[in-house]
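Engineer: Next up is a structure, given as structure tokens.
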Protein chains: 4
Amino acid sequence: MKTKVLVFGGSGYSGLELLRILAGHPHIELLGASSNRWSDAPLSRYCPAWSGDETFVSHDELFERVEPGSLAFLATHATVSHDLAPKIIAQSAQVIDVSGAFRLASLDDVSKWYGFEHQHEALLTNAVYGLPELYANDYSNSPVSLIANPGCYPTACILSLAPLFAHQLVRTDLPVHVDGKSGVTGAGRKLADNLLYNEVAETFRPYRMTKHQHTPEMERFLTKSAKSDISVSFTPHLIPVRRGLLTSSYVQAKEGLTQTQVDKAYAEFYKDQPFVRFLTDDSPHPAAVVQTNFCDVTCKVDPRTGTVSAFGAIDNLVKGAAGQAVQNMNLIKGFSETLGLLP
Amino acid sequence: MKTKVLVFGGSGYSGLELLRILAGHPHIELLGASSNRWSDAPLSRYCPAWSGDETFVSHDELFERVEPGSLAFLATHATVSHDLAPKIIAQSAQVIDVSGAFRLASLDDVSKWYGFEHQHEALLTNAVYGLPELYANDYSNSPVSLIANPGCYPTACILSLAPLFAHQLVRTDLPVHVDGKSGVTGAGRKLADNLLYNEVAETFRPYRMTKHQHTPEMERFLTKSAKSDISVSFTPHLIPVRRGLLTSSYVQAKEGLTQTQVDKAYAEFYKDQPFVRFLTDDSPHPAAVVQTNFCDVTCKVDPRTGTVSAFGAIDNLVKGAAGQAVQNMNLIKGFSETLGLLP
Amino acid sequence: MKTKVLVFGGSGYSGLELLRILAGHPHIELLGASSNRWSDAPLSRYCPAWSGDETFVSHDELFERVEPGSLAFLATHATVSHDLAPKIIAQSAQVIDVSGAFRLASLDDVSKWYGFEHQHEALLTNAVYGLPELYANDYSNSPVSLIANPGCYPTACILSLAPLFAHQLVRTDLPVHVDGKSGVTGAGRKLADNLLYNEVAETFRPYRMTKHQHTPEMERFLTKSAKSDISVSFTPHLIPVRRGLLTSSYVQAKEGLTQTQVDKAYAEFYKDQPFVRFLTDDSPHPAAVVQTNFCDVTCKVDPRTGTVSAFGAIDNLVKGAAGQAVQNMNLIKGFSETLGLLP
Amino acid sequence: MKTKVLVFGGSGYSGLELLRILAGHPHIELLGASSNRWSDAPLSRYCPAWSGDETFVSHDELFERVEPGSLAFLATHATVSHDLAPKIIAQSAQVIDVSGAFRLASLDDVSKWYGFEHQHEALLTNAVYGLPELYANDYSNSPVSLIANPGCYPTACILSLAPLFAHQLVRTDLPVHVDGKSGVTGAGRKLADNLLYNEVAETFRPYRMTKHQHTPEMERFLTKSAKSDISVSFTPHLIPVRRGLLTSSYVQAKEGLTQTQVDKAYAEFYKDQPFVRFLTDDSPHPAAVVQTNFCDVTCKVDPRTGTVSAFGAIDNLVKGAAGQAVQNMNLIKGFSETLGLLP
């Protein structure tokens, strides 16, 4: 039997990517997609993979279609997801939220980093963090009500660093220096001066230094891997590409760490993961992963300085959003993890 | 009286930029420009600012034109500069070398990082490192025979970090994590697969991890600023722009460091420097400095993590090569430091 | 039973695209792929869709694997295709040639436009021109020995103009002015100065004015549609994108032609074609067709000047090369025309 | 004595370019610059060449500063220029209008192509069309009150075609097919979906087919050159570059026209023009003219088809707007034509 799904916020970049992926997924039935921007426009105009007459509807109209047992993807702003999720769950449906509304550990953290007052502490506490490579065992084949799908930068950052912390190969008394680089779709479909072609092309720049809302998410889950408090200094940069994201993370090795140990740790850590490719003779870069759900990872030890540099590349809209959301759906619904995500 | 100048390697990106800048310099007379690639082609074809019949000649022919008292810019590969410099100096001419042949502290370092055996230890030892903002007092108005013009990454990295180390605001017991980002002209005019449009556009990637030859140059001069050994872990990234370079450097603050202290240190350090702009309410980025000799710098303290992030943006071909070389010529010839470099 | 296929020249842009598409085709079995450049390298390194141990081999080695009844795709240079095709056909195998070796009407035309002396007049004369939307009736389900797969510019140009000429809506006594615009992959994987990122980005330029080898191909088949001699003045331009091609073609209307007549002619002409989308309220542009086998077409009549402007957009590597080749294979093998080419 | 100038609309792309050029002009004194967007912001923030405390003011405030004998540049929307010009002229000041408000021949044409009702027929009739290469003799050293500065597409189109029509080398009974290609700054600084990086990069598209307001401007002045009615079919395309414009124009030769005749006509026509470079062995392209006031031109005759293809490349913001405006100021004020426009 097919899983009935709904896509709230189907006209943003992540929402459209979800629709594109779901169109090729053999085990789903689409109950509808909502868009405040394109309400009433046919899906097929923006997402040719949906060839029928189905149109976008408003969030309210889509909510009316929620059924017990259905699954709602929220590709909406954090504040919208915050309001929608509890209402959908109350209908006995499951929610996979692509926004950051349910990723942090406390109401205070949401207030501090996202700038709004979170009203649903129980949901926040019980939300499952949907990073399958680390946590799938906790939630696959289970009736979780709410999955907080990871942010794009945290996905690349955590996947590229987790083996180091899990195997206790690096120092935990220093902050991790995470230098993030992302294409423009990472900012969502926004009409902003700084996203115009003329402003983006032929330059690149740091933004939101010390203040980016993905910082506490990285800290929370690296801490979980390290079983020790990890602090993260994160600086994102806007790069003139459309899609694609790379995190370059710098930590200090524990005394005597060798490249061989690192290579072994990563190979072991990811040996059963279909979507993480550990590269030993090439560098991760966006073009190799764009339009796929892969995260390419590499890690270099510099014995001269003791620095360990870990790199993770993803498509911010796929493994960093829509693809990972479908991967999570596959896991909780008992489908093959890669269904609809590999050719 | 005009300074007579020669440009060896005038057909590379840095060489052409030198010719462009020199064309607008009121106090120079060009004795000629050499190019192995375009020998016999008119300068005007590639550098419209030179409107006459002057053609590129071979390195050998240009060497014949060296006069006592003249000044040779070497925009040649390190190994070519290594061979040319002593011969030119022997003619009682001065040399400003844009390559890396004379920037490091020892023959061993050259061998290790540049991969060739340096034969001129005395020249290497006596070469002046031409970073005017830090060292102009040592060499302006002086008859130095050889200036080693700084590399592009070190220029941005050192200028963005020097106030921190000179004022002893940050820890020196940890390596500096330098994440460099450069456009394609940083690689020189090379016919290489990885510089084709199809390979560069819409992606970006780390390269030469732990091995880039600019690393020891950064360490040498940051150490000089800090008066304490500094080690640098440097990771350059290729970004899809033509010109422009940014270094994002991450260090740990000494206990209690505030943004106010940092701002004051930078403002003071650069208050008399015409080419360094310390930005407090914007981020450095290439488009703001391209085709200028400016280095835009900013520095942020994160009290939460104790990380200090310093950013420096330059045009890799101007402040990172040709512009800085002309700035150095101005200084040793007693011209105004900004002559030919500001509108 | 699966069709056994071979890909000669599998490491060029078109060859790799062929391998990518064939990897998802349910009715083929790959006998191998050749590459002079990457001989012995695993296919999977360059085309991740092929996950096994299969390596590229030399053209000679691949030729040894040709079987009676198999089908060889030639994604090789025209001169290589010219030599290979008769040898493969002699083995009772079929050939789909992606090069221009067999597209023109006479030995003289090949000599004039391609610059080499063609030795196989009978093959040239008997080759089927593989533009399915116009000629599939002539060759589908038939044992043709050699299909000349159309060039990228002619595909977009002919598909966007054919309804005008077939319905005799425009003047044929004047040359068609075809302004072509293509991304860099149109030039193939060549290590050439003018394809470097620094030369291509932020500019665009006409090239091969009056001399491009696709000109006689356009003339030959537009003439066939018009049943009257058509001459073409073709000017290609290089545009800073990786993939994608647009032809903007300008002709003069016959007296009294209206937009309504044009819209009707196009809608009728392409009503059963799965890969041509006639757009009436949008403009064709590459991003809408990249990585698909679609050709988007539109046509505007300007009653003020009598000019009819026809536009066709394709992915130069798919509908302009590899995708169309697979479409042709589907047709001659009796598969569904869209097999492996639509999601 | 210096010419006192004012720049209305100084914060658009053309306005800022004007300020940049004027900052290096030795014979002007700036009375001020207006901006509705950035009113009260310092000029130096957006145009570093102006280093003082001068701020943008509102159009009304700037109007208060108009003096008899001063010269106002209008880099405002056509409707704003339409209202401002007569008021400024009434103050005995001169106006150079960079908008399209005064370029057409009749009130009806303005209404039809620009969509507003023009109220100042006398001004429209008496405005001088400021294309110096064709008309400088008519207005240099003269007290013209209003110069209509040419549009960007017409500048490239007319300069590349004028010798053909003036020398009667081509047929005038057929429309000229003008295929224009422009970077994004041609659209002005607009916050529009279709100018976002994600929409512009890696694609290109025709726009405003048959309706672009530069069409009647081309027709008017080509007609003047030809001394015979010329009609123009113009199709602009948006190309993913920031600055730079190329027109590719296609006409039919008169019987027997040779390349030699064409080359001679162009060389003769432009022999005394400092800003038009007629290229015989290269193609015009934006990168060669960006940030200069040059228009690069070439013209190819195809004896096979009788088509003459003329190409003109400019920087749309310099020769296509601000640079040409300064060239016009130089001419009417009796300065050297190239003052402030050549290094």
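Going by the structure tokens order, chains are called A, B, ..., each with residues numbered from 1, while ligands are numbered from 1 in the order shown.
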Taking 4 positions as the minimum chain separation for residues in the same chain, which residues sit within 7 Å of Ile158 (chain D) when counting only C-alpha atoms? Answer as a list in words.
Structural biologist: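 Returned residues: Pro154, Ala162, Met218 and Leu222 of chain D.
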Engineer: Given the selection you just returned, output its residues as a file containing C-alpha atoms, formatted as a compact mmCIF listing (two decimals), in the first residue's frame.
Structural biologist:
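Full text of again.txt as output:
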# COMPACT_ATOMS: atom_id res chain seq x y z
CA PRO D 154 21.11 51.16 -30.25
CA ALA D 162 26.07 52.74 -39.96
CA MET D 218 17.45 51.88 -34.03
CA LEU D 222 19.60 53.76 -39.22
Engineer: If you run DSSP over the backbone, which residues in region 106-342 of chain C end up helix (DSSP H, G or I)? Put them as a ChimeraX atom specification.
Structural biologist: /C:107-114,121-126,132-139,152-166,184-187,193-195,197-200,215-226,259-269,286-288,318-333
Engineer: For the residues in the current selection, export C-alpha atoms as a PDB file, in the first residue's frame.
Structural biologist:
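Just written: selection.pdb:
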ATOM      1  CA  LEU C 107      32.012  14.174 -50.715  1.00  0.00           C
ATOM      2  CA  ASP C 108      32.666  17.735 -51.786  1.00  0.00           C
ATOM      3  CA  ASP C 109      30.613  19.186 -48.968  1.00  0.00           C
ATOM      4  CA  VAL C 110      32.520  17.112 -46.430  1.00  0.00           C
ATOM      5  CA  SER C 111      35.793  18.269 -47.875  1.00  0.00           C
ATOM      6  CA  LYS C 112      34.720  21.892 -47.914  1.00  0.00           C
ATOM      7  CA  TRP C 113      33.130  22.130 -44.466  1.00  0.00           C
ATOM      8  CA  TYR C 114      34.944  19.455 -42.468  1.00  0.00           C
ATOM      9  CA  GLU C 121      30.580   7.709 -50.782  1.00  0.00           C
ATOM     10  CA  ALA C 122      28.079   4.863 -50.678  1.00  0.00           C
ATOM     11  CA  LEU C 123      27.852   5.026 -46.890  1.00  0.00           C
ATOM     12  CA  LEU C 124      27.485   8.788 -46.991  1.00  0.00           C
ATOM     13  CA  THR C 125      24.665   8.523 -49.496  1.00  0.00           C
ATOM     14  CA  ASN C 126      22.858   5.754 -47.672  1.00  0.00           C
ATOM     15  CA  PRO C 132      13.151  11.429 -35.391  1.00  0.00           C
ATOM     16  CA  GLU C 133      10.575  14.218 -35.288  1.00  0.00           C
ATOM     17  CA  LEU C 134      10.935  14.637 -39.059  1.00  0.00           C
ATOM     18  CA  TYR C 135      12.133  11.300 -40.348  1.00  0.00           C
ATOM     19  CA  ALA C 136      11.307   8.529 -37.878  1.00  0.00           C
ATOM     20  CA  ASN C 137       8.689   7.126 -40.228  1.00  0.00           C
ATOM     21  CA  ASP C 138      11.456   6.402 -42.707  1.00  0.00           C
ATOM     22  CA  TYR C 139      13.603   4.344 -40.398  1.00  0.00           C
ATOM     23  CA  CYS C 152      23.463  20.096 -31.855  1.00  0.00           C
ATOM     24  CA  TYR C 153      22.829  23.412 -33.616  1.00  0.00           C
ATOM     25  CA  PRO C 154      20.947  21.784 -36.529  1.00  0.00           C
ATOM     26  CA  THR C 155      18.686  19.894 -34.112  1.00  0.00           C
ATOM     27  CA  ALA C 156      17.473  23.084 -32.441  1.00  0.00           C
ATOM     28  CA  CYS C 157      17.446  25.084 -35.655  1.00  0.00           C
ATOM     29  CA  ILE C 158      15.593  22.569 -37.807  1.00  0.00           C
ATOM     30  CA  LEU C 159      13.037  21.638 -35.143  1.00  0.00           C
ATOM     31  CA  SER C 160      12.271  25.304 -34.508  1.00  0.00           C
ATOM     32  CA  LEU C 161      11.908  26.149 -38.214  1.00  0.00           C
ATOM     33  CA  ALA C 162      10.517  23.026 -39.879  1.00  0.00           C
ATOM     34  CA  PRO C 163       6.805  23.821 -39.353  1.00  0.00           C
ATOM     35  CA  LEU C 164       7.293  27.217 -41.018  1.00  0.00           C
ATOM     36  CA  PHE C 165       8.870  25.731 -44.112  1.00  0.00           C
ATOM     37  CA  ALA C 166       6.757  22.590 -44.250  1.00  0.00           C
ATOM     38  CA  VAL C 184      31.210  25.346 -23.577  1.00  0.00           C
ATOM     39  CA  THR C 185      30.535  21.615 -23.722  1.00  0.00           C
ATOM     40  CA  GLY C 186      29.457  22.174 -27.306  1.00  0.00           C
ATOM     41  CA  ALA C 187      33.151  22.414 -28.139  1.00  0.00           C
ATOM     42  CA  ASP C 193      42.969  28.540 -24.159  1.00  0.00           C
ATOM     43  CA  ASN C 194      39.591  29.865 -25.201  1.00  0.00           C
ATOM     44  CA  LEU C 195      37.782  27.326 -23.019  1.00  0.00           C
ATOM     45  CA  TYR C 197      37.266  29.673 -17.069  1.00  0.00           C
ATOM     46  CA  ASN C 198      39.104  32.981 -17.127  1.00  0.00           C
ATOM     47  CA  GLU C 199      38.455  33.435 -20.846  1.00  0.00           C
ATOM     48  CA  VAL C 200      34.855  32.243 -20.909  1.00  0.00           C
ATOM     49  CA  THR C 215      25.657  25.276 -41.829  1.00  0.00           C
ATOM     50  CA  PRO C 216      25.287  22.846 -44.767  1.00  0.00           C
ATOM     51  CA  GLU C 217      23.493  20.376 -42.500  1.00  0.00           C
ATOM     52  CA  MET C 218      20.870  23.024 -41.677  1.00  0.00           C
ATOM     53  CA  GLU C 219      20.536  23.918 -45.354  1.00  0.00           C
ATOM     54  CA  ARG C 220      20.180  20.322 -46.471  1.00  0.00           C
ATOM     55  CA  PHE C 221      17.299  19.455 -44.180  1.00  0.00           C
ATOM     56  CA  LEU C 222      15.508  22.791 -44.194  1.00  0.00           C
ATOM     57  CA  THR C 223      15.543  22.453 -47.962  1.00  0.00           C
ATOM     58  CA  LYS C 224      13.939  19.054 -47.579  1.00  0.00           C
ATOM     59  CA  SER C 225      11.190  20.525 -45.382  1.00  0.00           C
ATOM     60  CA  ALA C 226      10.629  23.469 -47.699  1.00  0.00           C
ATOM     61  CA  GLN C 259       0.502  34.475 -35.082  1.00  0.00           C
ATOM     62  CA  THR C 260      -2.598  32.326 -34.977  1.00  0.00           C
ATOM     63  CA  GLN C 261      -1.594  30.514 -38.168  1.00  0.00           C
ATOM     64  CA  VAL C 262       1.875  29.960 -36.800  1.00  0.00           C
ATOM     65  CA  ASP C 263       0.661  28.664 -33.441  1.00  0.00           C
ATOM     66  CA  LYS C 264      -1.680  26.274 -35.193  1.00  0.00           C
ATOM     67  CA  ALA C 265       1.014  25.012 -37.538  1.00  0.00           C
ATOM     68  CA  TYR C 266       3.432  24.264 -34.712  1.00  0.00           C
ATOM     69  CA  ALA C 267       0.838  22.686 -32.437  1.00  0.00           C
ATOM     70  CA  GLU C 268      -0.273  20.415 -35.270  1.00  0.00           C
ATOM     71  CA  PHE C 269       3.253  19.600 -36.422  1.00  0.00           C
ATOM     72  CA  PRO C 286      18.532  26.051 -21.613  1.00  0.00           C
ATOM     73  CA  ALA C 287      17.832  25.694 -17.887  1.00  0.00           C
ATOM     74  CA  ALA C 288      14.380  24.331 -18.713  1.00  0.00           C
ATOM     75  CA  VAL C 318      21.270  15.203 -24.730  1.00  0.00           C
ATOM     76  CA  LYS C 319      18.822  16.132 -27.499  1.00  0.00           C
ATOM     77  CA  GLY C 320      21.875  17.562 -29.304  1.00  0.00           C
ATOM     78  CA  ALA C 321      23.878  14.323 -29.063  1.00  0.00           C
ATOM     79  CA  ALA C 322      23.555  11.379 -26.664  1.00  0.00           C
ATOM     80  CA  GLY C 323      19.845  11.549 -25.889  1.00  0.00           C
ATOM     81  CA  GLN C 324      18.886  11.768 -29.529  1.00  0.00           C
ATOM     82  CA  ALA C 325      21.207   8.839 -30.267  1.00  0.00           C
ATOM     83  CA  VAL C 326      19.362   6.722 -27.709  1.00  0.00           C
ATOM     84  CA  GLN C 327      16.040   7.932 -29.098  1.00  0.00           C
ATOM     85  CA  ASN C 328      17.249   6.664 -32.477  1.00  0.00           C
ATOM     86  CA  MET C 329      18.295   3.340 -31.008  1.00  0.00           C
ATOM     87  CA  ASN C 330      14.842   2.976 -29.463  1.00  0.00           C
ATOM     88  CA  LEU C 331      13.254   3.603 -32.844  1.00  0.00           C
ATOM     89  CA  ILE C 332      15.312   1.183 -34.911  1.00  0.00           C
ATOM     90  CA  LYS C 333      15.156  -1.509 -32.240  1.00  0.00           C
TER      91      LYS C 333
END
Engineer: In Å, rounded to a single decimal, give me how far CA of Leu339 (chain C) is from CA of Gly15 (chain C).
Structural biologist: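 Distance between the two atoms: 18.5 Å.
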Engineer: Compile a residue-level contact table for chain D against chain C at a cut-off of 6 Å, reporting for every qualifying residue the shortest atom pair and its distance in Å to one decimal, with only C-alpha atoms counted, rows ordered by chain and ascending number, as a tab-separated table.
Structural biologist:
residue	atom	partner	partner_atom	distance
D:Glu202	CA	C:Val241	CA	4.6
D:Thr203	CA	C:Ala287	CA	5.3
D:Phe204	CA	C:His285	CA	6.0
D:Arg205	CA	C:His285	CA	5.1
D:Val241	CA	C:Glu202	CA	4.6
D:His285	CA	C:Arg205	CA	5.1
D:Pro286	CA	C:Thr203	CA	5.3
D:Ala287	CA	C:Thr203	CA	5.3
